[in-house]
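S.K.: Input structure: input.cif, which contains mmCIF, C-alpha atoms.
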```cif
data_target
loop_
_atom_site.label_atom_id
_atom_site.label_comp_id
_atom_site.auth_asym_id
_atom_site.auth_seq_id
_atom_site.Cartn_x
_atom_site.Cartn_y
_atom_site.Cartn_z
CA MET A 768 19.03 45.69 54.89
CA LYS A 769 15.62 47.14 54.22
CA ASN A 770 13.99 50.19 52.65
CA GLY A 771 17.11 51.07 50.67
CA LEU A 772 19.36 51.23 53.80
CA ARG A 773 22.49 49.20 54.51
CA LYS A 774 24.80 48.93 57.51
CA SER A 775 28.30 50.30 57.54
CA GLY A 776 31.03 50.53 60.12
CA THR A 777 29.81 53.93 61.26
CA GLY A 778 26.04 53.31 61.02
CA THR A 779 23.36 52.97 58.35
CA VAL A 780 23.56 54.64 54.95
CA SER A 781 21.23 54.85 51.99
CA ASP A 782 21.71 52.86 48.77
CA SER A 783 22.99 54.76 45.81
CA PRO A 784 20.33 56.07 43.37
CA GLU A 785 21.53 53.57 40.77
CA LEU A 786 21.10 50.61 43.14
CA SER A 787 17.66 51.80 44.24
CA GLN A 788 16.60 52.14 40.62
CA ALA A 789 17.91 48.65 39.84
CA ARG A 790 15.98 47.20 42.75
CA ALA A 791 12.78 48.97 41.59
CA ASP A 792 13.32 47.69 38.05
CA ILE A 793 13.71 44.14 39.35
CA ARG A 794 10.48 44.43 41.34
CA ARG A 795 8.62 45.71 38.26
CA LEU A 796 10.11 42.92 36.15
CA ASN A 797 9.06 40.29 38.70
CA ALA A 798 5.53 41.70 38.77
CA GLU A 799 5.39 41.69 34.96
CA LEU A 800 6.65 38.09 34.80
CA GLU A 801 4.05 37.04 37.36
CA ARG A 802 1.31 38.75 35.37
CA CYS A 803 2.46 37.05 32.15
CA ALA A 804 2.57 33.70 33.92
CA ILE A 805 -1.02 34.13 35.14
CA GLU A 806 -2.20 35.16 31.66
CA ARG A 807 -0.37 32.18 30.16
CA ARG A 808 -2.02 29.77 32.59
CA GLU A 809 -5.44 31.27 31.82
CA GLU A 810 -4.74 31.07 28.07
CA VAL A 811 -3.72 27.40 28.32
CA ALA A 812 -6.82 26.60 30.39
CA ALA A 813 -9.07 28.37 27.89
CA ARG A 814 -7.44 26.54 24.97
CA ARG A 815 -7.97 23.22 26.73
CA ARG A 816 -11.65 24.03 27.27
CA VAL A 817 -12.05 24.88 23.58
CA GLU A 818 -10.22 21.70 22.52
CA GLU A 819 -12.39 19.60 24.82
CA ALA A 820 -15.55 21.23 23.46
CA LEU A 821 -14.41 20.63 19.88
CA ARG A 822 -13.53 17.01 20.66
CA ALA A 823 -16.93 16.45 22.26
CA GLY A 824 -18.60 18.07 19.26
CA ARG A 825 -16.70 15.85 16.84
CA GLU A 826 -17.64 12.77 18.86
CA ARG A 827 -21.31 13.75 18.82
CA ALA A 828 -21.16 14.41 15.08
CA LEU A 829 -19.49 11.06 14.41
CA CYS A 830 -22.04 9.29 16.59
CA TYR A 831 -24.91 10.90 14.68
CA PHE A 832 -23.15 10.15 11.37
CA ASP A 833 -22.95 6.47 12.25
CA LEU A 834 -26.41 6.08 13.80
CA GLY A 835 -27.91 5.32 10.40
CA LEU A 836 -31.15 7.26 10.92
CA VAL A 837 -30.65 9.01 7.56
CA GLY A 838 -28.09 8.82 4.79
CA MET A 839 -25.26 11.28 5.29
CA ALA A 840 -22.32 12.42 3.19
CA ILE A 841 -19.57 15.01 3.12
CA VAL A 842 -19.24 16.21 -0.45
CA SER A 843 -16.33 18.13 -1.92
CA LEU A 844 -16.62 21.26 -4.00
CA THR A 845 -16.16 19.14 -7.12
CA GLU A 846 -19.21 17.10 -6.03
CA GLY A 847 -17.29 13.98 -5.07
CA CYS A 848 -18.17 12.08 -1.88
CA MET A 849 -15.40 12.37 0.73
CA GLU A 850 -17.30 10.57 3.51
CA VAL A 851 -20.48 8.49 3.48
CA ASN A 852 -22.34 6.54 6.14
CA ARG A 853 -23.80 3.06 5.95
CA ARG A 854 -27.37 4.27 5.57
CA LEU A 855 -26.58 6.24 2.41
CA CYS A 856 -24.88 3.15 0.97
CA ASP A 857 -28.03 1.15 1.68
CA ILE A 858 -30.25 3.78 0.04
CA LEU A 859 -28.17 3.93 -3.14
CA GLY A 860 -27.08 0.28 -3.25
CA TYR A 861 -23.33 0.94 -3.34
CA GLU A 862 -20.48 -0.02 -1.04
CA PRO A 863 -18.65 2.91 0.63
CA GLY A 864 -15.59 2.51 -1.57
CA GLU A 865 -17.76 2.64 -4.69
CA LEU A 866 -19.58 5.80 -3.59
CA MET A 867 -16.28 7.50 -2.80
CA GLN A 868 -15.30 7.06 -6.45
CA MET A 869 -18.50 8.63 -7.83
CA THR A 870 -19.62 12.21 -8.29
CA TRP A 871 -22.86 13.62 -6.90
CA ALA A 872 -24.06 14.32 -10.44
CA ALA A 873 -23.52 10.72 -11.56
CA LEU A 874 -25.84 9.51 -8.80
CA THR A 875 -28.59 12.05 -9.48
CA HIS A 876 -31.67 11.37 -11.62
CA ALA A 877 -31.27 13.24 -14.91
CA ASP A 878 -34.51 15.21 -14.41
CA ASP A 879 -33.29 16.55 -11.04
CA LEU A 880 -29.76 17.45 -12.09
CA ALA A 881 -30.56 20.97 -13.32
CA GLY A 882 -32.21 21.87 -10.00
CA ASP A 883 -29.19 20.56 -8.10
CA MET A 884 -26.79 22.60 -10.20
CA GLU A 885 -28.85 25.76 -9.71
CA ASN A 886 -28.77 25.26 -5.94
CA TYR A 887 -25.00 24.74 -6.05
CA ARG A 888 -24.67 27.93 -8.10
CA ARG A 889 -26.66 29.93 -5.53
CA ILE A 890 -24.50 28.61 -2.68
CA LEU A 891 -21.23 29.32 -4.48
CA ALA A 892 -22.48 32.83 -5.28
CA GLY A 893 -23.21 33.43 -1.58
CA GLU A 894 -26.97 33.69 -2.17
CA ALA A 895 -27.76 30.73 0.12
CA GLU A 896 -26.11 28.51 2.72
CA GLY A 897 -28.00 25.37 1.78
CA TYR A 898 -31.28 23.97 0.53
CA LEU A 899 -33.98 21.38 1.22
CA LYS A 900 -35.78 19.65 -1.63
CA ALA A 901 -37.22 16.44 -2.99
CA LYS A 902 -34.71 14.53 -5.09
CA ARG A 903 -34.53 11.34 -7.07
CA TRP A 904 -31.46 9.14 -7.33
CA ILE A 905 -30.48 6.19 -9.50
CA ARG A 906 -29.58 3.09 -7.48
CA LYS A 907 -26.77 0.83 -8.57
CA ASN A 908 -29.36 -1.61 -9.94
CA GLY A 909 -30.96 1.18 -12.03
CA ALA A 910 -34.03 1.68 -9.82
CA VAL A 911 -35.24 5.22 -9.00
CA VAL A 912 -35.04 6.22 -5.32
CA HIS A 913 -37.22 9.06 -3.98
CA THR A 914 -35.71 11.08 -1.14
CA ASN A 915 -35.82 14.35 0.74
CA VAL A 916 -32.39 15.98 0.72
CA SER A 917 -31.02 18.66 3.03
CA VAL A 918 -27.69 20.24 2.04
CA LYS A 919 -25.65 22.73 4.04
CA CYS A 920 -22.31 24.28 3.08
CA GLN A 921 -19.29 24.86 5.30
CA ARG A 922 -17.38 28.00 4.37
CA ARG A 923 -13.74 28.92 4.89
CA ALA A 924 -12.66 32.12 6.64
CA ASP A 925 -12.65 33.98 3.32
CA GLY A 926 -16.27 32.99 2.61
CA SER A 927 -15.50 30.41 -0.08
CA VAL A 928 -17.12 26.97 0.17
CA ASP A 929 -14.96 24.27 1.75
CA TYR A 930 -17.39 21.35 1.52
CA PHE A 931 -21.07 20.36 1.67
CA ALA A 932 -22.81 18.25 4.31
CA ALA A 933 -25.83 16.35 2.99
CA MET A 934 -28.59 14.37 4.67
CA VAL A 935 -30.66 12.00 2.54
CA GLU A 936 -33.96 10.55 3.79
CA GLU A 937 -35.58 7.85 1.67
CA VAL A 938 -39.34 8.32 1.24
CA ALA A 939 -42.20 6.85 -0.74
CA GLY A 940 -42.68 8.80 -3.96
CA GLY A 941 -45.85 10.49 -2.71
CA ASP A 942 -44.25 11.54 0.57
CA ALA A 943 -41.47 13.61 -0.96
CA ILE A 944 -41.59 17.29 -0.11
CA PRO A 945 -42.90 19.63 -2.80
CA ASP A 946 -40.05 21.35 -4.62
CA ASP A 947 -39.95 24.96 -3.44
CA THR A 948 -36.86 25.97 -5.41
CA ASP A 949 -39.02 28.24 -7.63
CA LEU A 950 -39.43 30.67 -4.75
CA SER A 951 -37.34 33.80 -5.04
CA ARG A 952 -35.06 34.84 -2.22
CA ARG A 953 -37.57 37.45 -1.00
CA GLU A 954 -40.44 34.96 -1.25
CA ARG A 955 -38.46 32.54 0.91
CA GLU A 956 -37.94 35.26 3.50
CA VAL A 957 -41.66 36.04 3.56
CA ALA A 958 -42.54 32.31 3.75
CA ARG A 959 -40.10 31.83 6.64
CA LEU A 960 -41.52 34.72 8.65
CA ILE A 961 -45.11 33.64 8.03
CA GLY A 962 -44.09 30.14 9.09
CA LEU A 963 -42.85 31.66 12.35
CA GLY A 964 -46.34 33.01 12.95
CA ARG A 965 -45.70 36.64 11.95
CA THR A 966 -48.65 38.65 10.64
CA VAL A 967 -48.53 40.53 7.33
CA LYS A 968 -47.98 43.76 9.26
CA GLU A 969 -45.12 42.23 11.26
CA VAL A 970 -43.49 40.76 8.15
CA ALA A 971 -43.74 44.18 6.47
CA GLY A 972 -41.98 45.78 9.44
CA VAL A 973 -39.18 43.20 9.56
CA LEU A 974 -38.47 43.39 5.81
CA SER A 975 -39.16 47.13 5.45
CA LEU A 976 -41.91 46.51 2.90
CA SER A 977 -45.47 47.73 2.58
CA GLU A 978 -48.26 45.44 3.78
CA LYS A 979 -49.62 45.39 0.23
CA THR A 980 -46.28 44.13 -1.09
CA VAL A 981 -46.12 41.39 1.55
CA SER A 982 -49.68 40.33 0.67
CA THR A 983 -48.64 40.12 -2.99
CA TYR A 984 -45.65 37.95 -2.08
CA ARG A 985 -47.89 35.73 0.04
CA SER A 986 -50.28 35.22 -2.88
CA ARG A 987 -47.39 34.31 -5.18
CA ILE A 988 -46.04 31.84 -2.64
CA LEU A 989 -49.43 30.15 -2.23
CA THR A 990 -49.75 29.84 -6.01
CA LYS A 991 -46.24 28.44 -6.52
CA LEU A 992 -46.57 25.93 -3.68
CA LYS A 993 -50.16 25.05 -4.64
CA LEU A 994 -51.47 25.96 -1.21
CA LYS A 995 -54.87 27.43 -0.41
CA SER A 996 -54.42 29.48 2.76
CA THR A 997 -51.98 31.09 5.16
CA ALA A 998 -52.64 28.24 7.60
CA GLU A 999 -51.50 25.74 4.99
CA LEU A 1000 -48.43 27.86 4.33
CA ILE A 1001 -47.55 27.86 8.04
CA ARG A 1002 -47.91 24.07 8.19
CA TYR A 1003 -45.80 23.75 5.03
CA ALA A 1004 -43.06 26.02 6.40
CA LEU A 1005 -42.90 24.09 9.67
CA LYS A 1006 -42.97 20.67 8.03
CA HIS A 1007 -40.27 21.51 5.51
CA ARG A 1008 -38.14 23.63 7.88
CA LEU A 1009 -38.52 26.89 6.00
CA ALA A 1010 -39.28 28.53 9.35
CA GLU A 1011 -35.89 27.70 10.89
#
```
Go ahead and render the structure in this file as structure tokens.
M.R.:
Amino acid sequence: MKNGLRKSGTGTVSDSPELSQARADIRRLNAELERCAIERREEVAARRRVEEALRAGRERALCYFDLGLVGMAIVSLTEGCMEVNRRLCDILGYEPGELMQMTWAALTHADDLAGDMENYRRILAGEAEGYLKAKRWIRKNGAVVHTNVSVKCQRRADGSVDYFAAMVEEVAGGDAIPDDTDLSRREREVARLIGLGRTVKEVAGVLSLSEKTVSTYRSRILTKLKLKSTAELIRYALKHRLAE
């Protein structure tokens, strides 16, 4: 039987309209099921690729975390250490279990605590995603440790802060980066663009400012950072990653 025809004792007759419609519905259903099956296979394959990429990313992150090139920590919103690496323990003189019981503030030199809290405030308010600054710590034995600290926040889907990732590099006191936290948000933007090699005219175009205003910002930045020229500002921005 083919094309809606069937044999009978007297010859070939057509299927009833109802049977033809049922057969057409079955064909459409089979096609739809096949399409869904293909989409499902593609979806599963895509999910596997994402999972493999995430797994590889986690493995790379863990490898870097454990390399010990710099001190690293994952810090909760309440400033407690959730994860620390061996290098950070060496810098601060504590065992991992001890650091996990301490707050970020308790480890910070008293004179640097206000700057830390201001940076946290800016991040929580959505004004910044992180910061880079010189910072002093108090070792377990009471000694002062000079470091450069880079902090970056991880936000949830709603924009609130989930946790902070911190990198701590021990330096000699004279090698610590100058503290640039006195720069306003606009001054940081101007410093970043100048660090990328943009001219005053180009910076003015990007930020929709007049060239005179950009020049004023540049002068303020040089004064605050105790720099003498645009060339020094470019070197500063590159060295301290303001140009990223």
S.K.: On this file, the PyMOL selection byres ((chain A and resi 911-923) around 8) gives some set of residues; write that set as a ChimeraX atom specification.
M.R.: /A:858-859,876,890,896-906,909-910,924-940,943-944
S.K.: Enter the distance from CA of Arg888 in chain A to CA of Ser843 in chain A, in Å, rounded to one decimal.
M.R.: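 Going from CA of Arg888 in chain A over to CA of Ser843 in chain A covers 14.3 Å.
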S.K.: Compute the distance from (-26.8, 19.2, -13.1) to each atom, counting only C-alpha atoms, keep the residues with any atom at most 12 Å away, and return them as a list in words; use the coordinates of the file.
M.R.: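 The answer, in the requested form, is Glu846, Thr870, Trp871, Ala872, Ala873, Leu874, Thr875, His876, Ala877, Asp878, Asp879, Leu880, Ala881, Gly882, Asp883, Met884, Glu885, Asn886, Tyr887 and Arg888 of chain A.
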S.K.: Enumerate, as a short mmCIF file (atom, residue, chain, number, x, y, z; two decimals) with C-alpha atoms, keeping the file's coordinate frame, the residues matched when the PyMOL selection byres ((chain A and resi 964-979) around 12) is run on the file above.
M.R.:
```
data_model
loop_
_atom_site.label_atom_id
_atom_site.label_comp_id
_atom_site.auth_asym_id
_atom_site.auth_seq_id
_atom_site.Cartn_x
_atom_site.Cartn_y
_atom_site.Cartn_z
CA ARG A 953 -37.57 37.45 -1.00
CA GLU A 954 -40.44 34.96 -1.25
CA ARG A 955 -38.46 32.54 0.91
CA GLU A 956 -37.94 35.26 3.50
CA VAL A 957 -41.66 36.04 3.56
CA ALA A 958 -42.54 32.31 3.75
CA ARG A 959 -40.10 31.83 6.64
CA LEU A 960 -41.52 34.72 8.65
CA ILE A 961 -45.11 33.64 8.03
CA GLY A 962 -44.09 30.14 9.09
CA LEU A 963 -42.85 31.66 12.35
CA THR A 980 -46.28 44.13 -1.09
CA VAL A 981 -46.12 41.39 1.55
CA SER A 982 -49.68 40.33 0.67
CA THR A 983 -48.64 40.12 -2.99
CA TYR A 984 -45.65 37.95 -2.08
CA ARG A 985 -47.89 35.73 0.04
CA SER A 986 -50.28 35.22 -2.88
CA THR A 997 -51.98 31.09 5.16
CA ALA A 998 -52.64 28.24 7.60
CA GLU A 999 -51.50 25.74 4.99
CA LEU A 1000 -48.43 27.86 4.33
CA ILE A 1001 -47.55 27.86 8.04
CA ARG A 1002 -47.91 24.07 8.19
CA ALA A 1004 -43.06 26.02 6.40
CA LEU A 1005 -42.90 24.09 9.67
CA ALA A 1010 -39.28 28.53 9.35
CA GLU A 1011 -35.89 27.70 10.89
#
```
